[in-house]
>>> print(open('input-v8.cif').read())   # mmCIF, C-alpha atoms
data_run
loop_
_atom_site.label_atom_id
_atom_site.label_comp_id
_atom_site.auth_asym_id
_atom_site.auth_seq_id
_atom_site.Cartn_x
_atom_site.Cartn_y
_atom_site.Cartn_z
CA MET A 1 -2.89 13.25 5.06
CA GLU A 2 -0.21 13.46 2.40
CA LEU A 3 2.02 10.43 1.81
CA LEU A 4 5.80 10.49 1.66
CA PRO A 5 7.25 9.48 -1.72
CA GLY A 6 7.37 5.69 -2.05
CA THR A 7 4.90 5.14 0.78
CA LEU A 8 1.97 4.31 -1.49
CA ASP A 9 3.89 1.41 -3.06
CA MET A 10 4.64 -0.01 0.39
CA LEU A 11 1.01 0.38 1.50
CA VAL A 12 -0.26 -1.39 -1.62
CA LEU A 13 2.16 -4.28 -1.15
CA ARG A 14 1.23 -4.56 2.53
CA THR A 15 -2.47 -4.56 1.69
CA LEU A 16 -2.03 -7.34 -0.87
CA ILE A 17 -0.28 -9.59 1.66
CA PHE A 18 -3.78 -10.64 2.77
CA GLY A 19 -4.84 -11.73 -0.71
CA PRO A 20 -5.82 -10.43 -4.16
CA LEU A 21 -7.88 -7.24 -4.44
CA HIS A 22 -9.06 -4.93 -7.21
CA GLY A 23 -8.07 -1.26 -7.21
CA TYR A 24 -11.13 -0.01 -5.36
CA GLY A 25 -10.68 -2.77 -2.76
CA ILE A 26 -7.05 -1.76 -2.22
CA ALA A 27 -8.02 1.90 -1.73
CA ARG A 28 -10.84 0.92 0.63
CA ALA A 29 -8.57 -1.39 2.65
CA ILE A 30 -5.89 1.27 3.08
CA ARG A 31 -8.49 3.81 4.12
CA GLY A 32 -10.09 1.39 6.59
CA THR A 33 -6.89 0.15 8.19
CA SER A 34 -5.63 3.73 8.55
CA LYS A 35 -8.84 4.60 10.43
CA GLU A 36 -9.89 6.93 7.59
CA ALA A 37 -6.60 8.93 7.76
CA LEU A 38 -5.38 7.86 4.32
CA ALA A 39 -7.69 8.36 1.36
CA ILE A 40 -5.88 7.08 -1.72
CA GLU A 41 -6.83 8.88 -4.91
CA PHE A 42 -7.30 6.69 -7.97
CA GLY A 43 -5.14 9.10 -9.99
CA SER A 44 -2.25 8.00 -7.76
CA LEU A 45 -3.26 4.40 -7.14
CA TYR A 46 -3.53 3.12 -10.71
CA PRO A 47 -0.13 4.47 -11.83
CA ALA A 48 1.34 2.89 -8.68
CA LEU A 49 -0.28 -0.46 -9.52
CA LYS A 50 1.12 -0.28 -13.05
CA ARG A 51 4.59 0.60 -11.70
CA LEU A 52 4.51 -2.27 -9.17
CA GLU A 53 3.40 -4.69 -11.86
CA MET A 54 6.20 -3.59 -14.18
CA LYS A 55 8.71 -4.20 -11.37
CA GLY A 56 7.31 -7.71 -10.92
CA TRP A 57 6.18 -7.07 -7.33
CA ILE A 58 2.51 -7.64 -8.14
CA ALA A 59 0.64 -9.54 -10.86
CA SER A 60 -2.87 -8.98 -12.15
CA LYS A 61 -5.71 -10.82 -13.82
CA TRP A 62 -9.26 -9.98 -14.79
CA ASP A 63 -12.02 -11.54 -12.70
CA THR A 64 -15.50 -10.79 -11.37
CA SER A 65 -15.89 -8.46 -8.38
CA GLU A 66 -18.22 -8.89 -5.42
CA LEU A 67 -20.66 -6.64 -7.33
CA ASN A 68 -20.58 -9.05 -10.28
CA ARG A 69 -18.54 -6.63 -12.41
CA ARG A 70 -15.39 -7.27 -14.35
CA ALA A 71 -12.39 -5.95 -12.43
CA LYS A 72 -8.64 -6.32 -12.51
CA PHE A 73 -7.41 -8.09 -9.38
CA TYR A 74 -3.86 -7.64 -8.12
CA ARG A 75 -1.84 -10.11 -6.07
CA LEU A 76 1.52 -9.96 -4.37
CA THR A 77 4.32 -11.95 -6.03
CA ALA A 78 7.24 -13.66 -4.28
CA ALA A 79 9.47 -10.78 -5.40
CA GLY A 80 6.92 -8.31 -4.01
CA ARG A 81 6.83 -10.12 -0.69
CA LYS A 82 10.64 -9.96 -0.49
CA HIS A 83 10.65 -6.27 -1.35
CA LEU A 84 7.92 -5.59 1.23
CA THR A 85 10.03 -7.24 3.93
CA GLN A 86 12.97 -4.98 3.06
CA GLU A 87 10.79 -1.86 2.94
CA HIS A 88 9.12 -2.73 6.23
CA SER A 89 12.52 -2.82 7.95
CA LYS A 90 13.52 0.54 6.43
CA TRP A 91 10.19 2.03 7.44
CA ALA A 92 10.56 0.82 11.04
CA GLU A 93 14.02 2.43 11.23
CA PHE A 94 12.64 5.68 9.77
CA VAL A 95 9.74 5.79 12.24
CA GLU A 96 12.09 5.14 15.16
CA ALA A 97 14.47 7.90 14.02
CA VAL A 98 11.67 10.46 13.62
CA THR A 99 10.17 9.44 16.97
CA ASN A 100 13.56 9.97 18.61
CA VAL A 101 13.88 13.44 17.12
CA MET A 102 10.31 14.46 17.94
CA GLY A 103 10.31 13.04 21.46
CA PRO A 104 7.31 13.48 23.71
CA VAL A 105 4.86 16.33 23.13
CA PRO A 106 6.23 19.38 24.95
CA VAL A 107 4.13 20.54 27.88
CA PRO A 108 3.54 24.33 27.71
#
>>> encode(input="input-v8.cif", output="structure tokens")
Amino acid sequence: MELLPGTLDMLVLRTLIFGPLHGYGIARAIRGTSKEALAIEFGSLYPALKRLEMKGWIASKWDTSELNRRAKFYRLTAAGRKHLTQEHSKWAEFVEAVTNVMGPVPVP
């Protein structure tokens, strides 16, 4: 399933609300919570992480992963939490608007 522009940033922020994760963990969490519908490619994820970090919405630090490997872990900042709240409201309005337009599935 292809993501709308800006959706990946919102999904990353939402995923990090539960605590710090490394890139692979973020991708795995999004895939799992979407019931396998969203497979995030690392070629999209890592530029998004860099962009979010530059905006101050996430912060990172190097640590050891569950496989005892060095990995960069990302965490949500206070500014990121505030931005996520705003984006969540916009997303809910968008979903409601599209749902209103689409209506129930037509019966042939």
>>> atom_distance(input="input-v8.cif", atom1="CA of Tyr74 in chain A", atom2="CA of Trp91 in chain A")
23.1 Å
>>> residues_around(input="input-v8.cif", residues="Phe73 in chain A", least_positions_apart="2", cutoff="6 Å", atoms="all atoms listed in the file", output="list in words")
Pro20, Leu21, His22, Ser60 and Lys61 of chain A
>>> resolve_selection(input="input-v8.cif", expression="the PyMOL selection byres ((chain A and resi 57) around 9)", output="PyMOL selection string")
chain A and resi 13+51-56+58-59+75-84
>>> residues_around(input="input-v8.cif", residues="Glu41 in chain A", least_positions_apart="2", cutoff="12 Å", atoms="only C-alpha atoms", output="compact mmCIF listing (two decimals) with C-alpha atoms, in the coordinates of the input")
# COMPACT_ATOMS: atom_id res chain seq x y z
CA MET A 1 -2.89 13.25 5.06
CA GLU A 2 -0.21 13.46 2.40
CA LEU A 3 2.02 10.43 1.81
CA LEU A 8 1.97 4.31 -1.49
CA GLY A 23 -8.07 -1.26 -7.21
CA TYR A 24 -11.13 -0.01 -5.36
CA ILE A 26 -7.05 -1.76 -2.22
CA ALA A 27 -8.02 1.90 -1.73
CA ARG A 28 -10.84 0.92 0.63
CA ILE A 30 -5.89 1.27 3.08
CA ARG A 31 -8.49 3.81 4.12
CA LEU A 38 -5.38 7.86 4.32
CA ALA A 39 -7.69 8.36 1.36
CA GLY A 43 -5.14 9.10 -9.99
CA SER A 44 -2.25 8.00 -7.76
CA LEU A 45 -3.26 4.40 -7.14
CA TYR A 46 -3.53 3.12 -10.71
CA PRO A 47 -0.13 4.47 -11.83
CA ALA A 48 1.34 2.89 -8.68
>>> axis_aligned_box(input="input-v8.cif", around="range 20-29 of chain A", padding_each_side="6 Å", output="AutoDock Vina command-line options")
--center_x -8.5 --center_y -4.3 --center_z -2.3 --size_x 17.3 --size_y 24.3 --size_z 21.9
>>> atom_distance(input="input-v8.cif", atom1="CA of Gly25 in chain A", atom2="CA of Asp9 in chain A")
15.2 Å
>>> atom_distance(input="input-v8.cif", atom1="CA of Thr99 in chain A", atom2="CA of Glu87 in chain A")
18.0 Å
